[in-house]
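Source file: work.pdb (PDB, C-alpha atoms and all ligand atoms)
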MODEL        1
ATOM      1  CA  MET A   7      31.713  26.689   2.166
ATOM      2  CA  LYS A   8      31.229  30.350   3.176
ATOM      3  CA  LEU A   9      27.922  31.730   4.491
ATOM      4  CA  SER A  10      26.735  35.144   5.494
ATOM      5  CA  ALA A  11      25.251  35.358   9.019
ATOM      6  CA  PRO A  12      23.257  38.579   9.525
ATOM      7  CA  ALA A  13      22.587  40.401  12.791
ATOM      8  CA  LYS A  14      18.940  41.017  13.798
ATOM      9  CA  VAL A  15      17.009  43.790  15.400
ATOM     10  CA  ASN A  16      13.758  43.462  17.354
ATOM     11  CA  LEU A  17      11.370  46.076  15.988
ATOM     12  CA  SER A  18       8.968  45.016  18.689
ATOM     13  CA  LEU A  19       9.415  42.617  21.591
ATOM     14  CA  ARG A  20       6.538  41.800  23.929
ATOM     15  CA  VAL A  21       7.210  39.427  26.822
ATOM     16  CA  LEU A  22       3.900  37.690  27.501
ATOM     17  CA  GLY A  23       4.743  35.741  30.662
ATOM     18  CA  LYS A  24       6.953  33.206  32.384
ATOM     19  CA  ARG A  25       6.457  29.552  31.471
ATOM     20  CA  ALA A  26       6.651  26.413  33.589
ATOM     21  CA  ASP A  27       9.975  25.500  31.868
ATOM     22  CA  GLY A  28      11.602  28.771  33.035
ATOM     23  CA  TYR A  29      11.574  30.408  29.591
ATOM     24  CA  HIS A  30       9.292  33.299  28.674
ATOM     25  CA  ASP A  31       6.616  33.368  25.979
ATOM     26  CA  LEU A  32       7.210  36.253  23.638
ATOM     27  CA  GLU A  33       5.869  37.918  20.542
ATOM     28  CA  SER A  34       8.499  39.740  18.529
ATOM     29  CA  LEU A  35       8.807  41.302  15.083
ATOM     30  CA  MET A  36      12.395  40.663  14.030
ATOM     31  CA  ALA A  37      14.334  41.683  10.936
ATOM     32  CA  PRO A  38      17.764  40.624   9.666
ATOM     33  CA  LEU A  39      20.315  43.391   9.073
ATOM     34  CA  SER A  40      22.978  44.114   6.483
ATOM     35  CA  LEU A  41      25.536  43.834   9.345
ATOM     36  CA  CYS A  42      26.921  40.290   8.958
ATOM     37  CA  ASP A  43      29.438  37.763  10.267
ATOM     38  CA  THR A  44      30.951  35.282   7.812
ATOM     39  CA  VAL A  45      30.889  31.570   8.687
ATOM     40  CA  GLU A  46      33.205  29.144   6.892
ATOM     41  CA  ILE A  47      32.592  25.383   7.171
ATOM     42  CA  ASP A  48      34.927  22.625   5.958
ATOM     43  CA  LEU A  49      33.799  19.042   6.445
ATOM     44  CA  HIS A  50      36.596  16.497   6.996
ATOM     45  CA  PRO A  51      35.565  13.031   5.766
ATOM     46  CA  GLY A  52      35.737  10.483   8.602
ATOM     47  CA  ALA A  53      36.043  13.147  11.343
ATOM     48  CA  GLU A  54      33.453  13.126  14.145
ATOM     49  CA  ASN A  55      34.283  16.409  15.908
ATOM     50  CA  PHE A  56      34.277  20.060  14.972
ATOM     51  CA  SER A  57      37.022  22.521  15.866
ATOM     52  CA  LEU A  58      36.380  26.248  15.847
ATOM     53  CA  THR A  59      38.517  29.295  15.175
ATOM     54  CA  CYS A  60      37.261  32.848  15.531
ATOM     55  CA  SER A  61      38.591  36.250  14.455
ATOM     56  CA  ASP A  62      37.407  37.705  17.799
ATOM     57  CA  LEU A  63      39.557  36.234  20.568
ATOM     58  CA  THR A  64      37.034  37.255  23.261
ATOM     59  CA  VAL A  65      34.485  34.781  21.819
ATOM     60  CA  PRO A  66      34.756  31.304  23.417
ATOM     61  CA  ALA A  67      36.102  28.945  20.734
ATOM     62  CA  ASP A  68      35.274  25.738  22.627
ATOM     63  CA  ASP A  69      32.272  23.385  22.648
ATOM     64  CA  SER A  70      30.173  26.049  24.419
ATOM     65  CA  ASN A  71      30.132  28.130  21.219
ATOM     66  CA  LEU A  72      26.670  28.009  19.624
ATOM     67  CA  ALA A  73      28.219  27.301  16.195
ATOM     68  CA  VAL A  74      29.787  24.063  17.487
ATOM     69  CA  MET A  75      26.584  23.187  19.381
ATOM     70  CA  ALA A  76      24.641  23.663  16.123
ATOM     71  CA  ALA A  77      26.958  21.312  14.215
ATOM     72  CA  ARG A  78      26.563  18.689  16.954
ATOM     73  CA  GLU A  79      22.784  19.115  17.052
ATOM     74  CA  PHE A  80      22.585  18.733  13.253
ATOM     75  CA  SER A  81      24.671  15.562  13.369
ATOM     76  CA  THR A  82      22.593  14.073  16.220
ATOM     77  CA  ALA A  83      19.226  15.013  14.674
ATOM     78  CA  THR A  84      20.117  13.556  11.276
ATOM     79  CA  GLY A  85      22.082  10.555  12.552
ATOM     80  CA  VAL A  86      24.944  11.479  10.187
ATOM     81  CA  PRO A  87      28.378  11.524  11.889
ATOM     82  CA  LEU A  88      30.053  14.806  10.938
ATOM     83  CA  GLY A  89      33.289  16.613  11.776
ATOM     84  CA  GLY A  90      35.536  19.330  10.457
ATOM     85  CA  GLN A  91      36.525  22.961  10.850
ATOM     86  CA  ILE A  92      34.361  26.045  11.445
ATOM     87  CA  HIS A  93      35.781  29.562  11.200
ATOM     88  CA  LEU A  94      33.849  32.638  12.361
ATOM     89  CA  ASP A  95      34.809  36.019  10.957
ATOM     90  CA  LYS A  96      33.067  38.232  13.535
ATOM     91  CA  VAL A  97      31.664  41.667  12.841
ATOM     92  CA  ILE A  98      28.557  41.477  15.069
ATOM     93  CA  PRO A  99      29.422  42.260  18.710
ATOM     94  CA  HIS A 100      28.363  39.678  21.302
ATOM     95  CA  GLY A 101      26.245  40.286  24.448
ATOM     96  CA  ALA A 102      24.673  42.941  22.256
ATOM     97  CA  GLY A 103      21.057  41.826  21.652
ATOM     98  CA  LEU A 104      21.868  41.521  17.941
ATOM     99  CA  GLY A 105      21.735  37.709  17.746
ATOM    100  CA  GLY A 106      25.285  37.272  16.409
ATOM    101  CA  GLY A 107      26.015  33.907  18.043
ATOM    102  CA  SER A 108      22.546  32.596  17.139
ATOM    103  CA  SER A 109      22.948  33.689  13.524
ATOM    104  CA  ASP A 110      26.345  31.964  13.276
ATOM    105  CA  ALA A 111      24.700  28.784  14.626
ATOM    106  CA  ALA A 112      21.858  29.010  12.078
ATOM    107  CA  ALA A 113      24.410  29.514   9.280
ATOM    108  CA  VAL A 114      26.138  26.278  10.375
ATOM    109  CA  ILE A 115      22.805  24.395  10.190
ATOM    110  CA  ARG A 116      22.010  25.882   6.749
ATOM    111  CA  GLY A 117      25.528  25.097   5.551
ATOM    112  CA  LEU A 118      25.533  21.501   6.778
ATOM    113  CA  ASN A 119      22.160  20.941   5.094
ATOM    114  CA  VAL A 120      23.792  21.840   1.768
ATOM    115  CA  LEU A 121      27.191  20.186   2.350
ATOM    116  CA  THR A 122      25.612  16.850   3.349
ATOM    117  CA  ASP A 123      23.118  17.124   0.446
ATOM    118  CA  LEU A 124      20.340  16.095   2.859
ATOM    119  CA  GLN A 125      18.101  18.967   1.685
ATOM    120  CA  LEU A 126      15.971  18.906   4.827
ATOM    121  CA  PRO A 127      12.877  21.165   4.745
ATOM    122  CA  LEU A 128      13.041  24.565   6.490
ATOM    123  CA  GLU A 129      10.672  23.364   9.249
ATOM    124  CA  LYS A 130      13.092  20.547  10.137
ATOM    125  CA  LEU A 131      16.052  22.964  10.142
ATOM    126  CA  GLU A 132      14.059  25.291  12.439
ATOM    127  CA  SER A 133      13.360  22.466  14.862
ATOM    128  CA  ILE A 134      17.074  21.532  14.936
ATOM    129  CA  ALA A 135      17.830  25.245  15.491
ATOM    130  CA  ALA A 136      15.399  25.428  18.437
ATOM    131  CA  GLY A 137      17.492  22.801  20.217
ATOM    132  CA  VAL A 138      20.513  25.137  20.050
ATOM    133  CA  GLY A 139      18.953  28.375  21.352
ATOM    134  CA  SER A 140      15.757  30.442  21.392
ATOM    135  CA  ASP A 141      16.918  32.992  18.784
ATOM    136  CA  VAL A 142      18.406  30.449  16.334
ATOM    137  CA  PRO A 143      15.219  29.356  14.416
ATOM    138  CA  PHE A 144      14.573  32.967  13.279
ATOM    139  CA  PHE A 145      17.851  32.958  11.298
ATOM    140  CA  ILE A 146      17.083  29.819   9.246
ATOM    141  CA  ARG A 147      14.834  31.454   6.593
ATOM    142  CA  GLY A 148      16.648  34.767   6.482
ATOM    143  CA  GLY A 149      13.777  37.282   6.236
ATOM    144  CA  ALA A 150      11.685  39.364   8.619
ATOM    145  CA  ALA A 151       9.290  37.366  10.782
ATOM    146  CA  TRP A 152       6.933  37.381  13.727
ATOM    147  CA  VAL A 153       8.527  35.137  16.337
ATOM    148  CA  ARG A 154       6.440  33.507  19.072
ATOM    149  CA  GLY A 155       6.587  30.800  21.743
ATOM    150  CA  ARG A 156      10.050  30.932  23.290
ATOM    151  CA  GLY A 157      11.392  31.773  19.831
ATOM    152  CA  GLU A 158      10.661  28.575  17.891
ATOM    153  CA  ARG A 159       7.427  29.626  16.129
ATOM    154  CA  ILE A 160       8.328  31.612  13.012
ATOM    155  CA  GLU A 161       5.784  33.409  10.834
ATOM    156  CA  PRO A 162       7.599  35.040   7.884
ATOM    157  CA  CYS A 163       6.354  38.525   6.951
ATOM    158  CA  GLU A 164       7.244  41.514   4.770
ATOM    159  CA  LEU A 165       8.192  44.754   6.523
ATOM    160  CA  PRO A 166       6.181  47.775   5.303
ATOM    161  CA  GLN A 167       9.495  49.364   4.224
ATOM    162  CA  GLN A 168      13.274  49.070   4.531
ATOM    163  CA  PHE A 169      14.654  50.738   7.681
ATOM    164  CA  PHE A 170      18.039  52.485   8.076
ATOM    165  CA  LEU A 171      19.663  52.160  11.466
ATOM    166  CA  LEU A 172      22.482  53.522  13.549
ATOM    167  CA  LEU A 173      23.512  50.980  16.215
ATOM    168  CA  ILE A 174      25.532  51.748  19.347
ATOM    169  CA  LYS A 175      27.009  48.878  21.397
ATOM    170  CA  PRO A 176      28.452  50.162  24.710
ATOM    171  CA  PRO A 177      31.622  48.552  26.131
ATOM    172  CA  PHE A 178      29.574  46.085  28.224
ATOM    173  CA  GLY A 179      27.040  43.387  27.375
ATOM    174  CA  VAL A 180      23.775  42.312  29.020
ATOM    175  CA  SER A 181      23.051  38.643  29.803
ATOM    176  CA  THR A 182      19.802  37.514  28.155
ATOM    177  CA  ALA A 183      18.956  35.245  31.106
ATOM    178  CA  TRP A 184      19.461  38.195  33.487
ATOM    179  CA  ALA A 185      17.260  40.494  31.383
ATOM    180  CA  TYR A 186      14.321  38.055  31.351
ATOM    181  CA  ALA A 187      14.704  37.433  35.098
ATOM    182  CA  ALA A 188      14.769  41.208  35.706
ATOM    183  CA  TRP A 189      11.567  41.557  33.635
ATOM    184  CA  ALA A 190       9.888  38.794  35.691
ATOM    185  CA  ASN A 191      11.009  40.392  38.986
ATOM    186  CA  SER A 192       9.968  43.907  38.079
ATOM    187  CA  LYS A 193       6.609  45.603  37.980
ATOM    188  CA  SER A 194       7.097  46.307  34.280
ATOM    189  CA  ALA A 195       5.024  43.218  33.506
ATOM    190  CA  GLU A 196       2.024  45.230  34.728
ATOM    191  CA  ASP A 197       3.044  48.540  33.106
ATOM    192  CA  PRO A 198       1.313  49.483  29.872
ATOM    193  CA  PRO A 199       3.864  48.910  27.082
ATOM    194  CA  SER A 200       5.471  52.093  25.763
ATOM    195  CA  SER A 201       5.272  51.996  21.981
ATOM    196  CA  THR A 202       5.852  54.424  19.124
ATOM    197  CA  THR A 203       4.507  53.996  15.599
ATOM    198  CA  PHE A 204       6.813  54.740  12.667
ATOM    199  CA  GLY A 205       6.915  53.415   9.091
ATOM    200  CA  GLY A 206       3.908  51.175   9.656
ATOM    201  CA  VAL A 207       5.504  49.412  12.647
ATOM    202  CA  GLN A 208       4.739  49.712  16.367
ATOM    203  CA  TRP A 209       8.212  49.878  17.922
ATOM    204  CA  MET A 210       8.436  48.584  21.498
ATOM    205  CA  ASN A 211      10.594  46.475  23.756
ATOM    206  CA  ASP A 212       9.327  45.150  27.094
ATOM    207  CA  LEU A 213      12.900  44.357  28.227
ATOM    208  CA  GLU A 214      13.929  48.020  27.970
ATOM    209  CA  ALA A 215      12.463  49.153  31.315
ATOM    210  CA  PRO A 216      14.120  46.478  33.522
ATOM    211  CA  VAL A 217      17.448  46.658  31.629
ATOM    212  CA  PHE A 218      17.504  50.495  31.677
ATOM    213  CA  ARG A 219      16.896  50.437  35.463
ATOM    214  CA  LYS A 220      20.200  48.604  36.048
ATOM    215  CA  PHE A 221      22.419  49.734  33.149
ATOM    216  CA  LEU A 222      22.057  53.477  33.669
ATOM    217  CA  LEU A 223      24.176  54.455  30.680
ATOM    218  CA  LEU A 224      21.565  52.944  28.327
ATOM    219  CA  PRO A 225      18.687  55.385  29.024
ATOM    220  CA  VAL A 226      21.195  58.241  28.718
ATOM    221  CA  LEU A 227      22.312  56.945  25.309
ATOM    222  CA  ASN A 228      18.709  56.387  24.259
ATOM    223  CA  GLN A 229      17.819  59.945  25.315
ATOM    224  CA  TRP A 230      20.830  61.338  23.404
ATOM    225  CA  LEU A 231      19.734  59.428  20.273
ATOM    226  CA  ASN A 232      16.183  60.753  20.668
ATOM    227  CA  GLU A 233      17.519  64.329  20.697
ATOM    228  CA  GLN A 234      19.375  63.947  17.370
ATOM    229  CA  PRO A 235      17.671  65.455  14.300
ATOM    230  CA  GLU A 236      18.059  62.263  12.207
ATOM    231  CA  THR A 237      16.369  60.011  14.796
ATOM    232  CA  CYS A 238      12.802  58.864  14.111
ATOM    233  CA  ILE A 239      12.774  56.152  16.804
ATOM    234  CA  ALA A 240      15.341  55.157  19.445
ATOM    235  CA  ARG A 241      15.101  51.767  21.157
ATOM    236  CA  MET A 242      17.129  48.907  22.661
ATOM    237  CA  SER A 243      17.482  45.701  20.614
ATOM    238  CA  GLY A 244      16.514  42.398  22.276
ATOM    239  CA  SER A 245      17.954  42.162  25.792
ATOM    240  CA  GLY A 246      20.617  44.815  25.031
ATOM    241  CA  SER A 247      23.092  46.281  25.382
ATOM    242  CA  THR A 248      22.785  47.731  21.846
ATOM    243  CA  VAL A 249      20.580  50.794  21.408
ATOM    244  CA  PHE A 250      19.655  51.933  17.923
ATOM    245  CA  ALA A 251      18.155  54.866  16.092
ATOM    246  CA  VAL A 252      15.928  54.475  13.036
ATOM    247  CA  CYS A 253      16.743  57.188  10.470
ATOM    248  CA  PRO A 254      14.854  58.322   7.329
ATOM    249  CA  THR A 255      17.728  57.501   4.920
ATOM    250  CA  ALA A 256      21.073  55.689   4.813
ATOM    251  CA  ALA A 257      22.785  59.106   4.516
ATOM    252  CA  ASP A 258      21.062  60.248   7.745
ATOM    253  CA  ALA A 259      22.294  57.102   9.533
ATOM    254  CA  GLU A 260      25.849  57.865   8.293
ATOM    255  CA  SER A 261      25.753  61.464   9.498
ATOM    256  CA  LEU A 262      24.395  60.357  12.890
ATOM    257  CA  SER A 263      27.152  57.722  13.039
ATOM    258  CA  ALA A 264      29.834  60.401  12.555
ATOM    259  CA  ARG A 265      28.333  62.561  15.337
ATOM    260  CA  ALA A 266      27.941  59.564  17.691
ATOM    261  CA  THR A 267      31.589  58.577  17.120
ATOM    262  CA  ALA A 268      32.737  62.143  17.901
ATOM    263  CA  TYR A 269      30.513  62.238  21.012
ATOM    264  CA  LEU A 270      31.247  58.764  22.432
ATOM    265  CA  GLY A 271      34.817  57.993  21.341
ATOM    266  CA  ASN A 272      36.099  54.605  20.263
ATOM    267  CA  THR A 273      35.249  52.498  23.331
ATOM    268  CA  PHE A 274      31.721  52.199  21.898
ATOM    269  CA  GLN A 275      31.117  50.121  18.772
ATOM    270  CA  ILE A 276      29.088  52.118  16.274
ATOM    271  CA  PHE A 277      27.552  50.628  13.105
ATOM    272  CA  THR A 278      25.184  51.679  10.377
ATOM    273  CA  ALA A 279      22.966  48.982   8.862
ATOM    274  CA  SER A 280      19.708  48.495   7.008
ATOM    275  CA  THR A 281      17.054  45.810   7.283
ATOM    276  CA  ILE A 282      17.349  43.152   4.543
ATOM    277  CA  SER A 283      14.505  41.105   3.100
ATOM    278  CA  HIS A 284      16.478  37.928   2.328
ATOM    279  CA  LEU A 285      19.929  36.375   2.757
TER     280      LEU A 285
HETATM  281  O1  LIG B   1      17.559  29.902  24.543
HETATM  282  P1  LIG B   1      18.771  30.637  25.032
HETATM  283  O2  LIG B   1      19.789  29.705  25.659
HETATM  284  O3  LIG B   1      19.376  31.545  24.023
HETATM  285  O4  LIG B   1      18.257  31.607  26.177
HETATM  286  C1  LIG B   1      19.138  32.173  27.118
HETATM  287  C2  LIG B   1      18.367  32.467  28.377
HETATM  288  O5  LIG B   1      17.446  33.549  28.142
HETATM  289  C3  LIG B   1      17.501  31.324  28.854
HETATM  290  O6  LIG B   1      18.232  30.456  29.694
HETATM  291  C4  LIG B   1      16.404  32.032  29.602
HETATM  292  O7  LIG B   1      16.858  32.390  30.881
HETATM  293  C5  LIG B   1      16.229  33.322  28.815
HETATM  294  N1  LIG B   1      15.124  33.250  27.837
HETATM  295  C6  LIG B   1      13.829  33.246  28.289
HETATM  296  N2  LIG B   1      12.780  33.183  27.406
HETATM  297  C7  LIG B   1      13.026  33.158  26.068
HETATM  298  C8  LIG B   1      14.346  33.168  25.585
HETATM  299  C9  LIG B   1      15.380  33.207  26.494
HETATM  300  O8  LIG B   1      13.588  33.295  29.509
HETATM  301  N3  LIG B   1      11.993  33.134  25.222
ENDMDL
END
Could you write out this structure as structure tokens?
Amino acid sequence: MKLSAPAKVNLSLRVLGKRADGYHDLESLMAPLSLCDTVEIDLHPGAENFSLTCSDLTVPADDSNLAVMAAREFSTATGVPLGGQIHLDKVIPHGAGLGGGSSDAAAVIRGLNVLTDLQLPLEKLESIAAGVGSDVPFFIRGGAAWVRGRGERIEPCELPQQFFLLLIKPPFGVSTAWAYAAWANSKSAEDPPSSTTFGGVQWMNDLEAPVFRKFLLLPVLNQWLNEQPETCIARMSGSGSTVFAVCPTAADAESLSARATAYLGNTFQIFTASTISHL
């Protein structure tokens, strides 16, 4: 079985505070993107383990991969012994704040729900997903949503419009755990959030300030994007390291992509994408 696993972008991300369990409470408007990995699942009758192959050799293909953890979690939560082969065809860069690994994991949970014919309700799939990682539940339904708690509370919503994006992933990633710790250790928690309204959405990201303070290339990139004529909004996605520009049309995103590629060279990964309303 083959499934599409979309990237996400955080249109807004507010970090509300640190919790007793070490995680942070957040409130985020997230949307899936047309930029997708493909996840292929083959169940082997009688097998009780999953093996993983991946088109990107820099992605760990062992039990620490979220896709394998998701398969295990599904099997444990349902009490159905499962095993087989998972293949990830990667397009979404990792360490990028685009949720690629989490989306692959959610695709595995959605796929196993169909392959086993268990037909569990979405709420049950979301609770299995929450056991795999904070960003995984968002990818179960496949549309835009307000995400709260540590990521497990999903309120589906419609975006006011479709957005066209140019995404730039520099040749380094940012650890999510580090970004939240940097937020907690910085004064940014007390700073008024910097937000910009465009297309009926208040765009903001509380992790930007602490991440930009350490990864000095990112504010430079963000500034460059802001100076381009096609850019309506420039922001970082999630905990980074991807920065993106929102453009008025898909053609504007393409023309900005060509200029960004000429400016930055091929050590940066540059993508155009649009928000999607369903899988
Ligand atoms: O849940 P996940 O394993 O993806 O989170 C990675 C790390 O990011 C956590 O260990 C935690 O340090 C941080 N995190 C957080 N609050 C969240 C989500 C993630 O502090 N809501």
Exercise. List all protein, DNA and RNA residues that have at least one atom no more than 9 Å from any atom of ligand LIG 1 (chain B), counting only C-alpha atoms and all ligand atoms, and write them as number ranges by chain.
Key: A: 21, 24-25, 27-32, 108, 136-142, 154-158, 181-187, 245
Exercise. Using the chain letters and residue numbers of this document, give as a VMD selection string the residues selected by the PyMOL selection byres (((chain A and resi 37) around 8) and not hetatm).
Key: chain A and resid 14 to 17 35 to 36 38 to 39 149 to 151 281 to 283
Ref. answer, residues at most 7 Å from (16.7, 32.4, 2.6) with all atoms listed in the file, as a PDB file with C-alpha atoms, keeping the file's coordinate frame:
ATOM      1  CA  ARG A 147      14.834  31.454   6.593  1.00  0.00           C
ATOM      2  CA  GLY A 148      16.648  34.767   6.482  1.00  0.00           C
ATOM      3  CA  GLY A 149      13.777  37.282   6.236  1.00  0.00           C
ATOM      4  CA  HIS A 284      16.478  37.928   2.328  1.00  0.00           C
ATOM      5  CA  LEU A 285      19.929  36.375   2.757  1.00  0.00           C
TER       6      LEU A 285
END
Exercise. Quick one: apply the PyMOL selection byres (((chain A and resi 94) around 8) and not hetatm) to the file and drop the selected residues here as number ranges by chain.
Key: A: 43-46, 58-61, 92-93, 95-96, 110
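Minimum distance to Leu124 in chain A across A:Asn191, A:Thr84, A:Thr267, A:Gln229 (counting only C-alpha atoms) occurs at A:Thr84.
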Quiz item: Hey, what comes out of the PyMOL selection byres (((chain A and resi 201-206) around 8) and not hetatm) on this file? Could you write it as an MDAnalysis selection string?
Solution: chainID A and resid 166:167 199:200 207:211 238:239
How close does range 60-123 of chain A get to range 7-12 of chain A? List, as JSON lines, each residue of range 60-123 of chain A within 12 Å, its nearest atom pair and the distance in Å to one decimal, counting only C-alpha atoms.
{"residue": "A:Ala73", "atom": "CA", "partner": "A:Ala11", "partner_atom": "CA", "distance": 11.2}
{"residue": "A:Gly90", "atom": "CA", "partner": "A:Met7", "partner_atom": "CA", "distance": 11.7}
{"residue": "A:Gln91", "atom": "CA", "partner": "A:Met7", "partner_atom": "CA", "distance": 10.6}
{"residue": "A:Ile92", "atom": "CA", "partner": "A:Met7", "partner_atom": "CA", "distance": 9.7}
{"residue": "A:His93", "atom": "CA", "partner": "A:Lys8", "partner_atom": "CA", "distance": 9.3}
{"residue": "A:Leu94", "atom": "CA", "partner": "A:Ala11", "partner_atom": "CA", "distance": 9.6}
{"residue": "A:Asp95", "atom": "CA", "partner": "A:Ala11", "partner_atom": "CA", "distance": 9.8}
{"residue": "A:Lys96", "atom": "CA", "partner": "A:Ala11", "partner_atom": "CA", "distance": 9.5}
{"residue": "A:Val97", "atom": "CA", "partner": "A:Pro12", "partner_atom": "CA", "distance": 9.6}
{"residue": "A:Ile98", "atom": "CA", "partner": "A:Pro12", "partner_atom": "CA", "distance": 8.2}
{"residue": "A:Pro99", "atom": "CA", "partner": "A:Pro12", "partner_atom": "CA", "distance": 11.7}
{"residue": "A:Leu104", "atom": "CA", "partner": "A:Pro12", "partner_atom": "CA", "distance": 9.0}
{"residue": "A:Gly105", "atom": "CA", "partner": "A:Pro12", "partner_atom": "CA", "distance": 8.4}
{"residue": "A:Gly106", "atom": "CA", "partner": "A:Pro12", "partner_atom": "CA", "distance": 7.3}
{"residue": "A:Gly107", "atom": "CA", "partner": "A:Ala11", "partner_atom": "CA", "distance": 9.2}
{"residue": "A:Ser108", "atom": "CA", "partner": "A:Ala11", "partner_atom": "CA", "distance": 9.0}
{"residue": "A:Ser109", "atom": "CA", "partner": "A:Ala11", "partner_atom": "CA", "distance": 5.3}
{"residue": "A:Asp110", "atom": "CA", "partner": "A:Ala11", "partner_atom": "CA", "distance": 5.6}
{"residue": "A:Ala111", "atom": "CA", "partner": "A:Ala11", "partner_atom": "CA", "distance": 8.7}
{"residue": "A:Ala112", "atom": "CA", "partner": "A:Ala11", "partner_atom": "CA", "distance": 7.8}
{"residue": "A:Ala113", "atom": "CA", "partner": "A:Ala11", "partner_atom": "CA", "distance": 5.9}
{"residue": "A:Val114", "atom": "CA", "partner": "A:Leu9", "partner_atom": "CA", "distance": 8.2}
{"residue": "A:Ile115", "atom": "CA", "partner": "A:Leu9", "partner_atom": "CA", "distance": 10.6}
{"residue": "A:Arg116", "atom": "CA", "partner": "A:Leu9", "partner_atom": "CA", "distance": 8.6}
{"residue": "A:Gly117", "atom": "CA", "partner": "A:Leu9", "partner_atom": "CA", "distance": 7.1}
{"residue": "A:Leu118", "atom": "CA", "partner": "A:Met7", "partner_atom": "CA", "distance": 9.3}
{"residue": "A:Asn119", "atom": "CA", "partner": "A:Met7", "partner_atom": "CA", "distance": 11.5}
{"residue": "A:Val120", "atom": "CA", "partner": "A:Met7", "partner_atom": "CA", "distance": 9.3}
{"residue": "A:Leu121", "atom": "CA", "partner": "A:Met7", "partner_atom": "CA", "distance": 7.9}
{"residue": "A:Thr122", "atom": "CA", "partner": "A:Met7", "partner_atom": "CA", "distance": 11.6}
Quiz item: Got a sec: who's within 6 Å of Leu172 in chain A, counting only C-alpha atoms, leaving out chain neighbours fewer than 2 positions off, as a PyMOL selection string?
Solution: chain A and resi 250-251+259+277-278
Exercise. Check the smallest atom-to-atom distance from each of A:Leu131, A:Ile47, A:Ala190, A:Ala279 to Gly23 in chain A using only C-alpha atoms, then report the winner.
Key: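 Checking each of A:Leu131, A:Ile47, A:Ala190, A:Ala279 against Gly23 in chain A, counting only C-alpha atoms, the winner is A:Ala190.
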Quiz prompt | Among the residues A:Glu129, A:Glu236, A:Glu33, A:Glu54, the one that comes closest to Ser81 in chain A [using only C-alpha atoms] | solution = A:Glu54
Practice problem: Report the distance between CA of Asp212 in chain A and CA of Ala135 in chain A in Å, rounded to one decimal place. | Solution: 24.6 Å
Practice problem: Name the closest residue to Gln168 in chain A among the candidates A:Pro254, A:Gly52, A:Gly271, A:Gly244; distances are taken between atoms, counting only C-alpha atoms. | Solution: A:Pro254
Quiz item: What is the CA of Leu41 in chain A to CA of Ser57 in chain A distance in Å?
Solution: 25.1 Å
Quiz item: Interatomic distance between CA of Ala102 in chain A and CA of Gln275 in chain A?
Solution: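 According to the coordinates, CA of Ala102 in chain A and CA of Gln275 in chain A are separated by 10.3 Å.
When only C-alpha atoms are used to compute distances to Phe144 in chain A, the closest of the residues A:Pro66, A:Pro225, A:Pro162, A:Pro87 turns out to be A:Pro162.
Comparing the minimum interatomic distances between Glu79 in chain A and each of A:Ala26, A:Ala53, A:Ile134, A:Leu262, counting only C-alpha atoms, we find that A:Ile134 sits nearest.
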Exercise. Around the point (31.6, 50.5, 22.4), in the coordinates given by the file, pick out the residues reaching within 9 Å, counting all atoms listed in the file, and return them as a list of chain:residue names.
Key: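 So the residues meeting the distance criterion are A:Ile174, A:Lys175, A:Pro176, A:Pro177, A:Phe178, A:Leu270, A:Gly271, A:Asn272, A:Thr273, A:Phe274, A:Gln275, A:Ile276.
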